[in-house]
Structures are given as C-alpha cells and as structure tokens.
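Chemist: My structure is stored as my_file30.cif, with mmCIF, C-alpha atoms.
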```
data_model
#
loop_
_atom_site.label_atom_id
_atom_site.label_comp_id
_atom_site.auth_asym_id
_atom_site.auth_seq_id
_atom_site.Cartn_x
_atom_site.Cartn_y
_atom_site.Cartn_z
CA MET A 35 25.98 13.27 -23.14
CA LYS A 36 23.77 10.48 -24.42
CA MET A 37 24.40 6.94 -23.43
CA GLN A 38 25.22 4.53 -26.23
CA ASN A 39 22.07 2.45 -25.61
CA ASP A 40 19.64 5.40 -25.48
CA VAL A 41 18.67 4.94 -29.12
CA VAL A 42 18.63 1.77 -31.17
CA PRO A 43 19.68 2.54 -34.76
CA PRO A 44 17.07 1.52 -37.35
CA SER A 45 19.43 -1.03 -38.84
CA THR A 46 19.54 -2.94 -35.56
CA GLN A 47 15.83 -2.88 -34.69
CA VAL A 48 14.35 -6.33 -34.13
CA PRO A 49 12.28 -7.33 -37.18
CA PRO A 50 8.71 -8.58 -36.72
CA GLN A 51 8.68 -12.22 -35.71
CA ALA A 52 6.63 -15.10 -37.05
CA GLN A 53 4.09 -16.58 -34.65
CA PHE A 54 3.85 -20.27 -33.83
CA VAL A 55 0.36 -21.29 -32.73
CA THR A 56 -0.75 -24.69 -31.47
CA ILE A 57 -4.23 -25.66 -32.67
CA THR A 58 -6.72 -26.45 -29.92
CA GLU A 59 -9.62 -28.90 -29.99
CA GLU A 60 -12.04 -26.05 -30.72
CA GLU A 61 -9.98 -24.79 -33.66
CA ALA A 62 -9.51 -28.23 -35.21
CA GLY A 63 -11.49 -29.03 -38.36
CA GLN A 64 -11.23 -25.57 -39.91
CA ARG A 65 -9.63 -25.01 -43.27
CA ILE A 66 -6.34 -23.18 -42.91
CA ASP A 67 -7.49 -20.25 -45.08
CA ASN A 68 -10.61 -19.69 -42.98
CA TYR A 69 -8.55 -19.96 -39.79
CA LEU A 70 -6.08 -17.33 -40.98
CA LEU A 71 -8.83 -14.99 -42.12
CA ARG A 72 -10.24 -15.19 -38.62
CA VAL A 73 -7.05 -14.75 -36.59
CA CYS A 74 -5.37 -12.20 -38.86
CA LYS A 75 -8.02 -9.53 -38.40
CA GLY A 76 -7.68 -6.59 -40.75
CA VAL A 77 -5.39 -8.39 -43.17
CA PRO A 78 -6.74 -8.31 -46.75
CA LYS A 79 -8.02 -11.65 -48.01
CA SER A 80 -5.74 -11.40 -51.06
CA HIS A 81 -2.71 -11.20 -48.77
CA ILE A 82 -3.81 -14.26 -46.79
CA TYR A 83 -3.94 -16.34 -49.97
CA ARG A 84 -0.63 -14.89 -51.13
CA ILE A 85 1.23 -16.05 -48.01
CA LEU A 86 -0.44 -19.46 -48.33
CA ARG A 87 0.66 -19.84 -51.96
CA SER A 88 4.19 -18.66 -51.21
CA GLY A 89 4.68 -21.26 -48.49
CA GLU A 90 5.24 -18.68 -45.74
CA VAL A 91 2.50 -20.38 -43.72
CA ARG A 92 3.71 -23.75 -42.46
CA VAL A 93 1.98 -26.51 -40.49
CA ASN A 94 4.28 -28.77 -38.49
CA LYS A 95 7.19 -27.22 -40.46
CA GLY A 96 5.73 -28.36 -43.80
CA ARG A 97 4.02 -26.54 -46.66
CA ILE A 98 0.26 -26.90 -47.04
CA ASP A 99 -2.35 -25.55 -49.46
CA GLN A 100 -5.44 -23.50 -48.64
CA LEU A 101 -7.65 -26.60 -48.45
CA TYR A 102 -5.73 -28.17 -45.56
CA ARG A 103 -7.93 -28.86 -42.52
CA LEU A 104 -6.33 -28.23 -39.16
CA VAL A 105 -5.87 -31.04 -36.64
CA GLN A 106 -5.66 -30.65 -32.88
CA GLY A 107 -2.00 -30.25 -31.90
CA ASP A 108 -0.90 -28.84 -35.28
CA ILE A 109 1.76 -26.14 -34.94
CA VAL A 110 1.01 -23.34 -37.40
CA ARG A 111 3.67 -20.83 -38.43
CA ILE A 112 2.04 -17.48 -39.19
CA PRO A 113 4.49 -15.06 -40.86
CA PRO A 114 4.59 -11.36 -39.92
CA VAL A 115 1.65 -9.67 -41.64
CA ARG A 116 0.77 -6.02 -41.91
CA VAL A 117 -2.75 -5.16 -40.81
CA ALA A 118 -4.58 -2.90 -43.22
CA GLU A 119 -4.58 0.66 -41.91
CA LYS A 120 -8.30 1.09 -42.50
CA ALA A 121 -9.07 -1.86 -40.27
CA ASP A 122 -10.49 -0.56 -37.01
CA THR A 123 -12.25 -2.94 -34.65
CA ASN A 124 -13.79 0.03 -32.87
CA THR A 125 -16.08 0.64 -35.87
CA VAL A 126 -18.22 -2.33 -34.76
CA PRO A 127 -20.31 -1.27 -31.77
CA ALA A 128 -20.53 -3.95 -29.12
CA ALA A 129 -24.09 -5.14 -28.47
CA GLU A 130 -25.89 -7.86 -26.59
CA PHE A 131 -29.33 -9.16 -27.49
CA ASP A 132 -32.15 -10.78 -25.52
CA ILE A 133 -30.81 -14.18 -24.51
CA ILE A 134 -33.23 -17.11 -24.74
CA TYR A 135 -30.69 -19.78 -23.76
CA GLU A 136 -26.98 -19.97 -23.02
CA ASP A 137 -24.52 -22.58 -21.76
CA SER A 138 -20.92 -23.58 -22.48
CA GLN A 139 -21.87 -24.86 -25.96
CA LEU A 140 -24.59 -22.54 -27.24
CA LEU A 141 -25.93 -19.02 -27.28
CA VAL A 142 -29.51 -18.53 -28.50
CA ILE A 143 -30.78 -14.97 -28.87
CA ASP A 144 -34.01 -13.26 -29.90
CA LYS A 145 -32.89 -11.21 -32.90
CA PRO A 146 -34.88 -8.03 -33.56
CA ALA A 147 -36.15 -7.23 -37.05
CA GLY A 148 -34.04 -4.83 -39.09
CA VAL A 149 -30.70 -6.20 -37.90
CA ALA A 150 -28.52 -8.28 -40.26
CA VAL A 151 -26.97 -11.45 -38.83
CA HIS A 152 -23.57 -10.64 -40.38
CA GLY A 153 -21.81 -7.94 -42.36
CA GLY A 154 -21.77 -7.89 -46.15
CA SER A 155 -24.01 -6.84 -49.06
CA GLY A 156 -23.87 -3.19 -48.08
CA VAL A 157 -24.03 -3.88 -44.33
CA SER A 158 -20.77 -3.15 -42.50
CA PHE A 159 -21.57 -5.35 -39.49
CA GLY A 160 -24.29 -7.56 -38.06
CA VAL A 161 -25.26 -9.57 -35.00
CA ILE A 162 -22.22 -11.84 -35.06
CA GLU A 163 -19.71 -8.96 -35.28
CA GLN A 164 -21.50 -7.04 -32.52
CA LEU A 165 -21.58 -10.05 -30.21
CA ARG A 166 -17.87 -10.72 -30.79
CA ALA A 167 -17.14 -7.08 -29.98
CA ALA A 168 -19.21 -7.39 -26.79
CA ARG A 169 -17.48 -10.65 -25.82
CA PRO A 170 -13.77 -10.18 -26.63
CA GLN A 171 -12.90 -13.03 -24.27
CA ALA A 172 -14.89 -15.55 -26.36
CA LYS A 173 -12.45 -17.85 -28.16
CA PHE A 174 -15.10 -19.12 -30.55
CA LEU A 175 -18.48 -17.71 -31.60
CA GLU A 176 -20.10 -18.61 -34.91
CA LEU A 177 -23.57 -18.49 -36.47
CA VAL A 178 -25.24 -21.89 -36.66
CA HIS A 179 -27.81 -20.65 -39.20
CA ARG A 180 -29.11 -17.36 -40.59
CA LEU A 181 -32.24 -15.24 -40.50
CA ASP A 182 -33.22 -12.59 -43.03
CA ARG A 183 -32.51 -9.06 -41.88
CA ASP A 184 -36.24 -8.26 -41.57
CA THR A 185 -37.09 -11.50 -39.73
CA SER A 186 -37.09 -11.51 -35.94
CA GLY A 187 -36.74 -14.39 -33.51
CA LEU A 188 -34.56 -17.31 -32.55
CA LEU A 189 -30.96 -17.25 -33.79
CA LEU A 190 -28.51 -20.00 -32.76
CA LEU A 191 -24.80 -19.41 -32.24
CA ALA A 192 -22.18 -21.97 -31.32
CA LYS A 193 -19.55 -21.29 -28.64
CA LYS A 194 -17.54 -24.38 -29.57
CA ARG A 195 -16.61 -25.81 -32.96
CA SER A 196 -17.82 -29.26 -31.92
CA ALA A 197 -21.27 -27.78 -31.24
CA LEU A 198 -21.27 -26.01 -34.61
CA THR A 199 -20.46 -29.14 -36.59
CA ASN A 200 -22.96 -31.21 -34.59
CA LEU A 201 -25.81 -28.76 -35.21
CA HIS A 202 -24.93 -28.40 -38.88
CA GLU A 203 -25.14 -32.17 -39.22
CA GLN A 204 -28.53 -32.20 -37.49
CA MET A 205 -29.81 -29.58 -39.92
CA ARG A 206 -28.45 -31.39 -42.97
CA GLU A 207 -30.10 -34.62 -41.82
CA GLY A 208 -33.43 -32.88 -41.14
CA HIS A 209 -33.30 -33.59 -37.41
CA THR A 210 -34.15 -30.05 -36.32
CA ASP A 211 -37.62 -28.50 -36.23
CA LYS A 212 -37.85 -24.77 -37.03
CA ARG A 213 -41.17 -22.94 -36.87
CA TYR A 214 -42.13 -19.38 -37.72
CA LEU A 215 -45.16 -17.14 -37.17
CA THR A 216 -46.28 -15.10 -40.15
CA LEU A 217 -49.26 -12.96 -41.13
CA VAL A 218 -50.53 -13.18 -44.69
CA ALA A 219 -53.06 -11.09 -46.59
CA GLY A 220 -56.05 -12.93 -48.03
CA ASP A 221 -58.69 -15.53 -47.27
CA TRP A 222 -56.68 -18.56 -46.11
CA LYS A 223 -58.88 -21.68 -46.20
CA ASN A 224 -57.05 -24.78 -45.00
CA ALA A 225 -56.32 -25.65 -41.38
CA ARG A 226 -53.10 -27.37 -42.52
CA GLN A 227 -51.50 -27.02 -45.95
CA HIS A 228 -48.34 -28.48 -47.49
CA VAL A 229 -46.53 -26.38 -50.10
CA LYS A 230 -43.92 -28.16 -52.21
CA LEU A 231 -42.45 -25.82 -54.82
CA PRO A 232 -38.86 -26.04 -56.18
CA LEU A 233 -36.85 -22.89 -55.53
CA HIS A 234 -34.11 -21.35 -57.66
CA LYS A 235 -31.73 -18.74 -56.20
CA TYR A 236 -30.37 -16.01 -58.45
CA THR A 237 -28.85 -12.52 -58.29
CA THR A 238 -30.44 -9.46 -59.88
CA ALA A 239 -28.53 -7.03 -62.10
CA ASP A 240 -27.93 -4.74 -59.13
CA GLY A 241 -26.53 -7.60 -57.03
CA GLU A 242 -29.61 -8.33 -54.93
CA ARG A 243 -30.23 -11.94 -53.89
CA ARG A 244 -33.62 -13.29 -55.00
CA VAL A 245 -35.45 -16.61 -55.18
CA ALA A 246 -38.08 -17.82 -57.66
CA VAL A 247 -40.17 -20.95 -58.14
CA GLN A 248 -38.56 -22.82 -61.03
CA ALA A 249 -38.97 -26.39 -62.28
CA ASP A 250 -35.24 -27.17 -62.03
CA GLY A 251 -34.89 -25.50 -58.62
CA LEU A 252 -34.09 -27.22 -55.33
CA PRO A 253 -36.89 -29.30 -53.77
CA SER A 254 -38.53 -27.26 -51.01
CA HIS A 255 -41.29 -28.12 -48.56
CA THR A 256 -43.15 -25.97 -46.01
CA VAL A 257 -46.14 -26.95 -43.87
CA PHE A 258 -48.52 -24.12 -42.92
CA THR A 259 -50.97 -24.34 -40.02
CA LEU A 260 -53.77 -21.78 -39.60
CA LEU A 261 -53.71 -20.28 -36.10
CA ARG A 262 -56.02 -17.25 -36.33
CA LYS A 263 -58.18 -15.95 -39.14
CA PHE A 264 -59.15 -12.29 -39.48
CA LYS A 265 -61.29 -10.42 -42.01
CA ASP A 266 -58.39 -9.64 -44.36
CA PHE A 267 -55.51 -11.56 -42.84
CA ALA A 268 -54.49 -14.95 -41.46
CA LEU A 269 -51.89 -15.78 -38.81
CA LEU A 270 -50.00 -18.95 -39.78
CA GLU A 271 -47.34 -21.16 -38.30
CA ALA A 272 -44.79 -22.21 -40.92
CA GLU A 273 -42.89 -25.45 -40.33
CA LEU A 274 -39.77 -25.81 -42.43
CA LYS A 275 -39.14 -29.25 -43.86
CA THR A 276 -36.25 -27.88 -45.93
CA GLY A 277 -34.18 -24.76 -45.29
CA ARG A 278 -33.90 -22.81 -48.55
CA THR A 279 -33.20 -19.10 -48.83
CA HIS A 280 -36.46 -17.05 -48.55
CA GLN A 281 -38.42 -20.32 -48.58
CA ILE A 282 -41.42 -19.23 -46.51
CA ARG A 283 -41.69 -15.89 -48.29
CA VAL A 284 -41.60 -17.34 -51.81
CA HIS A 285 -43.83 -20.34 -51.03
CA LEU A 286 -46.51 -18.01 -49.68
CA ALA A 287 -46.21 -15.36 -52.39
CA SER A 288 -46.34 -18.04 -55.11
CA SER A 289 -49.48 -19.47 -53.48
CA GLY A 290 -51.21 -16.10 -53.65
CA PHE A 291 -50.70 -15.08 -50.01
CA ALA A 292 -48.09 -12.37 -49.55
CA ILE A 293 -46.56 -11.83 -46.12
CA ALA A 294 -47.63 -8.51 -44.64
CA GLY A 295 -44.74 -6.05 -44.94
CA ASP A 296 -42.57 -8.21 -47.24
CA ASP A 297 -40.68 -5.71 -49.40
CA LYS A 298 -39.26 -8.30 -51.82
CA TYR A 299 -42.10 -10.68 -52.63
CA GLY A 300 -45.10 -8.98 -51.03
CA ASP A 301 -48.03 -6.80 -52.04
CA PHE A 302 -46.36 -3.40 -52.34
CA ALA A 303 -49.61 -1.39 -52.37
CA LEU A 304 -50.73 -3.18 -49.21
CA ASN A 305 -47.34 -2.59 -47.59
CA ARG A 306 -47.65 1.15 -48.19
CA ALA A 307 -51.10 1.12 -46.61
CA LEU A 308 -49.82 -0.85 -43.61
CA LEU A 309 -47.23 1.79 -42.83
CA LYS A 310 -50.02 4.08 -41.60
CA ALA A 311 -52.63 3.26 -38.99
CA ASP A 312 -56.26 3.81 -40.00
CA ALA A 313 -59.61 3.70 -38.20
CA THR A 314 -59.73 -0.09 -38.13
CA ARG A 315 -56.14 -1.21 -37.59
CA GLY A 316 -52.71 -0.16 -36.40
CA ALA A 317 -49.57 0.37 -38.45
CA LEU A 318 -47.07 -2.33 -39.44
CA LYS A 319 -43.60 -1.06 -40.29
CA ARG A 320 -41.77 -4.37 -40.75
CA MET A 321 -42.21 -7.78 -42.35
CA PHE A 322 -44.43 -10.01 -40.21
CA LEU A 323 -42.17 -13.06 -39.99
CA HIS A 324 -40.87 -14.32 -36.65
CA ALA A 325 -38.83 -17.44 -35.83
CA HIS A 326 -40.74 -18.48 -32.71
CA GLN A 327 -39.69 -22.08 -32.01
CA ILE A 328 -36.81 -24.47 -32.62
CA THR A 329 -36.25 -28.04 -31.48
CA PHE A 330 -32.90 -29.84 -31.69
CA THR A 331 -30.71 -32.30 -29.82
CA HIS A 332 -28.25 -30.62 -27.48
CA PRO A 333 -24.77 -31.30 -28.92
CA GLU A 334 -23.26 -32.16 -25.54
CA THR A 335 -26.04 -33.69 -23.42
CA GLY A 336 -27.89 -35.47 -26.22
CA LYS A 337 -31.21 -34.29 -24.78
CA LEU A 338 -33.99 -32.86 -26.95
CA LEU A 339 -34.27 -29.11 -26.45
CA THR A 340 -37.22 -26.92 -27.51
CA LEU A 341 -36.81 -23.14 -27.32
CA ASN A 342 -39.38 -20.41 -27.89
CA ALA A 343 -39.22 -16.65 -28.49
CA PRO A 344 -42.37 -14.59 -27.90
CA LEU A 345 -43.83 -12.77 -30.88
CA ALA A 346 -42.19 -9.37 -31.30
CA ALA A 347 -44.12 -6.61 -29.55
CA GLU A 348 -44.80 -4.60 -32.72
CA CYS A 349 -46.33 -7.68 -34.37
CA GLU A 350 -48.41 -8.47 -31.29
CA ARG A 351 -49.77 -4.91 -31.25
CA PHE A 352 -50.75 -5.15 -34.91
CA LEU A 353 -52.61 -8.42 -34.29
CA LEU A 354 -54.52 -6.84 -31.42
CA SER A 355 -55.53 -3.96 -33.69
CA LEU A 356 -57.19 -6.45 -36.07
CA GLY A 357 -59.79 -7.32 -33.45
CA LYS A 358 -61.20 -10.70 -32.47
CA PRO A 359 -60.22 -13.55 -34.84
CA LEU A 360 -63.04 -15.00 -36.94
CA ASN A 361 -62.10 -18.52 -35.82
CA ALA A 362 -61.92 -17.62 -32.10
CA SER A 363 -64.03 -19.70 -29.75
CA THR A 364 -67.01 -17.88 -28.30
#
```
For the structure just supplied, provide its representation as structure tokens.

Modeler:
Amino acid sequence: MKMQNDVVPPSTQVPPQAQFVTITEEEAGQRIDNYLLRVCKGVPKSHIYRILRSGEVRVNKGRIDQLYRLVQGDIVRIPPVRVAEKADTNTVPAAEFDIIYEDSQLLVIDKPAGVAVHGGSGVSFGVIEQLRAARPQAKFLELVHRLDRDTSGLLLLAKKRSALTNLHEQMREGHTDKRYLTLVAGDWKNARQHVKLPLHKYTTADGERRVAVQADGLPSHTVFTLLRKFKDFALLEAELKTGRTHQIRVHLASSGFAIAGDDKYGDFALNRALLKADATRGALKRMFLHAHQITFTHPETGKLLTLNAPLAAECERFLLSLGKPLNAST
C-alpha cells in the first residue's frame, strides 16, 4: 500500500519561483536588458524584452524599462523563464589560447588566424564563447575590442566591468597604441607614410560587412612604417590613430598596396598564386595581418603596459621564403 506522500499530485506541485538577485560592483553599469540576456542563457531575446515590457522584471520592487542601468546593491526580480529547448551550452567547445598576460583585471591572448572573436554572421561561436566555456567559474569575461577573423595577434579581454569601461574610455580618447604587422604586394617607397582616408561602412546584398573610402565617411588615420622590403613585397608596421572597421585593409588597398592573402580587398589573382609554393617562395594560406603590439594604461595600477605577440609561425615562414630583404644591412 502506497503512502499518502509517495506522490505529489500535479495540482500541488510547487510552481517555478522568481529569483531575487543583488547586483554586485562588477555587474553595476550594465543596461538591464543586456544583463538579462547574459544571465538568462538560452532564453530568446524576444522573451527577455517581453518580460521587461510587461513589468515582470522589477528592480527594488519597482518597474523599469529596458534602458535602466543597474546600480550596485540593486535587487532585481527575475521571473520564472523557460529556457529554449535548442539551447545547449555543450555545443560550444571549451578552449584556451596562448596567454600573453593575465591578472585579476585582464586576460590578453594571442588569437590565431581563422578564429572569430565572437559568434554571429554565420559563426556559431568564437573566442569569447570558448573561453567562457573553458572558465565556467569566471563571473565576468568580455571582449575589450575585436579582431577580424583572419587577423592573428593580441586580443584584450576584461575580467571586471571596471576594467572594461576604463579601457573603452582609453580607446575612445585615443590613449591606447595598437600596432600591426602586415605584408603588402608592390614596390613600397616611403620609410614612413600617413594615410588619411574617410571610411564608410555598409552591408552588401548578401549581408556581408564591407568598408569603402567615401568622402562623407568617418575620418580615419593610419601610419605605416617600412620594416623590410623584398623584390615583390614589403613588410610594414601599421599604427592605428583611429580604430575603424577594416581600416588597415582598406587604407592599403585604396593606396594601391593590397595585403597578401586578403580575400575581401586584396589582389585575388595573387592570393590564388600564394596558396601554392613555387620555386622562389613558400605558400601563404591566410591574410598576412597580425596585431603584434599594444600599449595602454593598466586600469588598476595606472602603470603604462606594453604587450607584444610574436609574428605567427606561418607568416614568419613565408617571410623567410622570400629571401634576404633588399633593405637589409650588409
């Protein structure tokens, strides 16, 4: 004979409960919609905005709109939400990357070429999702800036919101120094050259993001320094004075010097030839653009910090295959 308490009838099952979360110092400053999208993993974005509009989400027992910015100590009521069935955190493989620098505020990695920094635009996941999967204990981990999928090198991530906002402010004010190594095809003449061409961002008919030089575009400035000159190529250092999308690639292509391996703005016939090694040089199967140095003020210590990432091995091998530079000292 079954005991009365063996089974709880459906009508008496405890319904899902709302959560009450106290906002920490690291969570403060976020918009409520962005916060909910982050903590309610797997919940459709449309549902997040629906519970905001309906007033089911409360802060300190009061209604707020989606633009409300959280303050340390706020008590947020999160109603019961159903996670989408297709959401599966196991679909993102955990991965770590070569670490250049890490402390309680920052994580700086050497991103390989061919890896997106975040999911979207046909990519299901990127560096940030893989790092979060590898570090489930991390309470906060956000990209400070971005690199193109085919660009390798230094990528900054913040481990605290205060570090993120500090570094974003430094970048907006032009107080950071970002430098890249790139190989261009052609006879580069000047030891140091400033390129100031306004850039306009647009989307193609098939949804691809592109950038073009256009008179009403955003002011953009890159300084190029010649490092090594070869018979058909030149190795340059690019110093960003502004940080526009595809800035280095478009500034060079518009100046008549395509980046070797650039599949958006480059010399496509040359790119095809570079895929195969010949009698005089090796093969290049990626875009030759590498974020090799960054200088910024540490958000906690206030000290100036310069970090470097060595040129990716496949790029170094290609340079060696080109032989002795024409401008090398004898």

Chemist: Run through the PyMOL selection byres ((chain A and resi 85) around 12) on the given coordinates and return the selected residues as a PyMOL selection string.

Modeler: chain A and resi 66-67+70-71+74+77-84+86-92+97-100+111-116

Chemist: Counting all atoms listed in the file, which residues of range 77-174 of chain A fall within 10 Å of range 183-206 of chain A, and what is the closest atom pair for each with its distance in Å at one decimal, ordered by chain and rising number, as CSV?

Modeler:
```
residue,atom,partner,partner_atom,distance
A:Asp132,CA,A:Leu188,CA,9.9
A:Ile133,CA,A:Leu188,CA,9.4
A:Ile134,CA,A:Leu188,CA,7.9
A:Tyr135,CA,A:Leu190,CA,9.3
A:Glu136,CA,A:Lys193,CA,9.4
A:Asp137,CA,A:Lys193,CA,8.6
A:Ser138,CA,A:Lys193,CA,6.7
A:Gln139,CA,A:Lys193,CA,5.0
A:Leu140,CA,A:Ala192,CA,4.8
A:Leu141,CA,A:Leu191,CA,5.1
A:Val142,CA,A:Leu190,CA,4.6
A:Ile143,CA,A:Leu189,CA,5.4
A:Asp144,CA,A:Gly187,CA,4.7
A:Lys145,CA,A:Gly187,CA,5.0
A:Pro146,CA,A:Ser186,CA,4.8
A:Ala147,CA,A:Ser186,CA,4.5
A:Gly148,CA,A:Asp184,CA,4.8
A:Val149,CA,A:Arg183,CA,5.2
A:Ala150,CA,A:Arg183,CA,4.4
A:Val151,CA,A:Arg183,CA,6.8
A:His152,CA,A:Arg183,CA,9.2
A:Gly160,CA,A:Arg183,CA,9.2
A:Val161,CA,A:Leu189,CA,9.6
A:Ile162,CA,A:Leu191,CA,8.5
A:Ala172,CA,A:Lys193,CA,7.7
A:Lys173,CA,A:Lys193,CA,7.9
A:Phe174,CA,A:Lys193,CA,5.3
```

Chemist: For those residues, write C-alpha atoms to a file as a PDB file, keeping the file's coordinate frame.

Modeler:
```pdb
ATOM      1  CA  ASP A 132     -32.150 -10.780 -25.520  1.00  0.00           C
ATOM      2  CA  ILE A 133     -30.810 -14.180 -24.510  1.00  0.00           C
ATOM      3  CA  ILE A 134     -33.230 -17.110 -24.740  1.00  0.00           C
ATOM      4  CA  TYR A 135     -30.690 -19.780 -23.760  1.00  0.00           C
ATOM      5  CA  GLU A 136     -26.980 -19.970 -23.020  1.00  0.00           C
ATOM      6  CA  ASP A 137     -24.520 -22.580 -21.760  1.00  0.00           C
ATOM      7  CA  SER A 138     -20.920 -23.580 -22.480  1.00  0.00           C
ATOM      8  CA  GLN A 139     -21.870 -24.860 -25.960  1.00  0.00           C
ATOM      9  CA  LEU A 140     -24.590 -22.540 -27.240  1.00  0.00           C
ATOM     10  CA  LEU A 141     -25.930 -19.020 -27.280  1.00  0.00           C
ATOM     11  CA  VAL A 142     -29.510 -18.530 -28.500  1.00  0.00           C
ATOM     12  CA  ILE A 143     -30.780 -14.970 -28.870  1.00  0.00           C
ATOM     13  CA  ASP A 144     -34.010 -13.260 -29.900  1.00  0.00           C
ATOM     14  CA  LYS A 145     -32.890 -11.210 -32.900  1.00  0.00           C
ATOM     15  CA  PRO A 146     -34.880  -8.030 -33.560  1.00  0.00           C
ATOM     16  CA  ALA A 147     -36.150  -7.230 -37.050  1.00  0.00           C
ATOM     17  CA  GLY A 148     -34.040  -4.830 -39.090  1.00  0.00           C
ATOM     18  CA  VAL A 149     -30.700  -6.200 -37.900  1.00  0.00           C
ATOM     19  CA  ALA A 150     -28.520  -8.280 -40.260  1.00  0.00           C
ATOM     20  CA  VAL A 151     -26.970 -11.450 -38.830  1.00  0.00           C
ATOM     21  CA  HIS A 152     -23.570 -10.640 -40.380  1.00  0.00           C
ATOM     22  CA  GLY A 160     -24.290  -7.560 -38.060  1.00  0.00           C
ATOM     23  CA  VAL A 161     -25.260  -9.570 -35.000  1.00  0.00           C
ATOM     24  CA  ILE A 162     -22.220 -11.840 -35.060  1.00  0.00           C
ATOM     25  CA  ALA A 172     -14.890 -15.550 -26.360  1.00  0.00           C
ATOM     26  CA  LYS A 173     -12.450 -17.850 -28.160  1.00  0.00           C
ATOM     27  CA  PHE A 174     -15.100 -19.120 -30.550  1.00  0.00           C
TER      28      PHE A 174
END
```

Chemist: Using all atoms listed in the file, which residues sit within 10 Å of Leu217 in chain A once same-chain residues fewer than 2 positions away are excluded, as a VMD selection string?

Modeler: chain A and resid 215 219 to 220 261 to 263 267 to 271 291 to 295 321 to 324 349 353

Chemist: Which residues match the PyMOL selection byres ((chain A and resi 126) around 12) in the file above, as number ranges by chain?

Modeler: A: 121-125, 127-129, 152-153, 157-168

Chemist: For the PyMOL selection byres ((chain A and resi 354) around 12), applied here, can you spell out every residue it catches as a ChimeraX atom specification?

Modeler: /A:262,264,269,314-318,347-353,355-359

Chemist: For the residues selected in the previous step, produce a file with C-alpha atoms as a PDB file, in the frame of the given file.

Modeler:
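File part36.pdb, as written:
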```
ATOM      1  CA  ARG A 262     -56.020 -17.250 -36.330  1.00  0.00           C
ATOM      2  CA  PHE A 264     -59.150 -12.290 -39.480  1.00  0.00           C
ATOM      3  CA  LEU A 269     -51.890 -15.780 -38.810  1.00  0.00           C
ATOM      4  CA  THR A 314     -59.730  -0.090 -38.130  1.00  0.00           C
ATOM      5  CA  ARG A 315     -56.140  -1.210 -37.590  1.00  0.00           C
ATOM      6  CA  GLY A 316     -52.710  -0.160 -36.400  1.00  0.00           C
ATOM      7  CA  ALA A 317     -49.570   0.370 -38.450  1.00  0.00           C
ATOM      8  CA  LEU A 318     -47.070  -2.330 -39.440  1.00  0.00           C
ATOM      9  CA  ALA A 347     -44.120  -6.610 -29.550  1.00  0.00           C
ATOM     10  CA  GLU A 348     -44.800  -4.600 -32.720  1.00  0.00           C
ATOM     11  CA  CYS A 349     -46.330  -7.680 -34.370  1.00  0.00           C
ATOM     12  CA  GLU A 350     -48.410  -8.470 -31.290  1.00  0.00           C
ATOM     13  CA  ARG A 351     -49.770  -4.910 -31.250  1.00  0.00           C
ATOM     14  CA  PHE A 352     -50.750  -5.150 -34.910  1.00  0.00           C
ATOM     15  CA  LEU A 353     -52.610  -8.420 -34.290  1.00  0.00           C
ATOM     16  CA  SER A 355     -55.530  -3.960 -33.690  1.00  0.00           C
ATOM     17  CA  LEU A 356     -57.190  -6.450 -36.070  1.00  0.00           C
ATOM     18  CA  GLY A 357     -59.790  -7.320 -33.450  1.00  0.00           C
ATOM     19  CA  LYS A 358     -61.200 -10.700 -32.470  1.00  0.00           C
ATOM     20  CA  PRO A 359     -60.220 -13.550 -34.840  1.00  0.00           C
TER      21      PRO A 359
END
```

Chemist: Would you list the contacts of range 275-277 of chain A as a PyMOL selection string, taking every protein, DNA or RNA residue within 7 Å and counting only C-alpha atoms, but skipping same-chain residues closer than 5 positions in sequence?

Modeler: chain A and resi 254-256

Chemist: May I have the residues from that selection written out with C-alpha atoms, as a PDB file, in the coordinates of the input?

Modeler:
```
ATOM      1  CA  SER A 254     -38.530 -27.260 -51.010  1.00  0.00           C
ATOM      2  CA  HIS A 255     -41.290 -28.120 -48.560  1.00  0.00           C
ATOM      3  CA  THR A 256     -43.150 -25.970 -46.010  1.00  0.00           C
TER       4      THR A 256
END
```

Chemist: Could you work out how far CA of Val218 in chain A lies from CA of Ala307 in chain A, giving the answer in Å with one decimal?

Modeler: 14.4 Å

Chemist: Would you compute the distance between CA of Val73 in chain A and CA of Thr279 in chain A? Give it in Å to one decimal.

Modeler: 29.2 Å

Chemist: If you count all atoms listed in the file, which residues fall within 10 Å of Leu339 in chain A, apart from same-chain ones fewer than 2 positions away, as a short mmCIF file (atom, residue, chain, number, x, y, z; two decimals) with C-alpha atoms, in the coordinates of the input?

Modeler:
```
data_model
loop_
_atom_site.label_atom_id
_atom_site.label_comp_id
_atom_site.auth_asym_id
_atom_site.auth_seq_id
_atom_site.Cartn_x
_atom_site.Cartn_y
_atom_site.Cartn_z
CA THR A 210 -34.15 -30.05 -36.32
CA ILE A 328 -36.81 -24.47 -32.62
CA THR A 329 -36.25 -28.04 -31.48
CA PHE A 330 -32.90 -29.84 -31.69
CA THR A 331 -30.71 -32.30 -29.82
CA HIS A 332 -28.25 -30.62 -27.48
CA THR A 335 -26.04 -33.69 -23.42
CA GLY A 336 -27.89 -35.47 -26.22
CA LYS A 337 -31.21 -34.29 -24.78
CA LEU A 341 -36.81 -23.14 -27.32
#
```

Chemist: Determine the nearest neighbour of His234 in chain A from the options A:Trp222, A:Gln281, A:Leu260, A:Leu304, counting all atoms listed in the file.

Modeler: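 Closest residue, counting all atoms listed in the file: A:Gln281.
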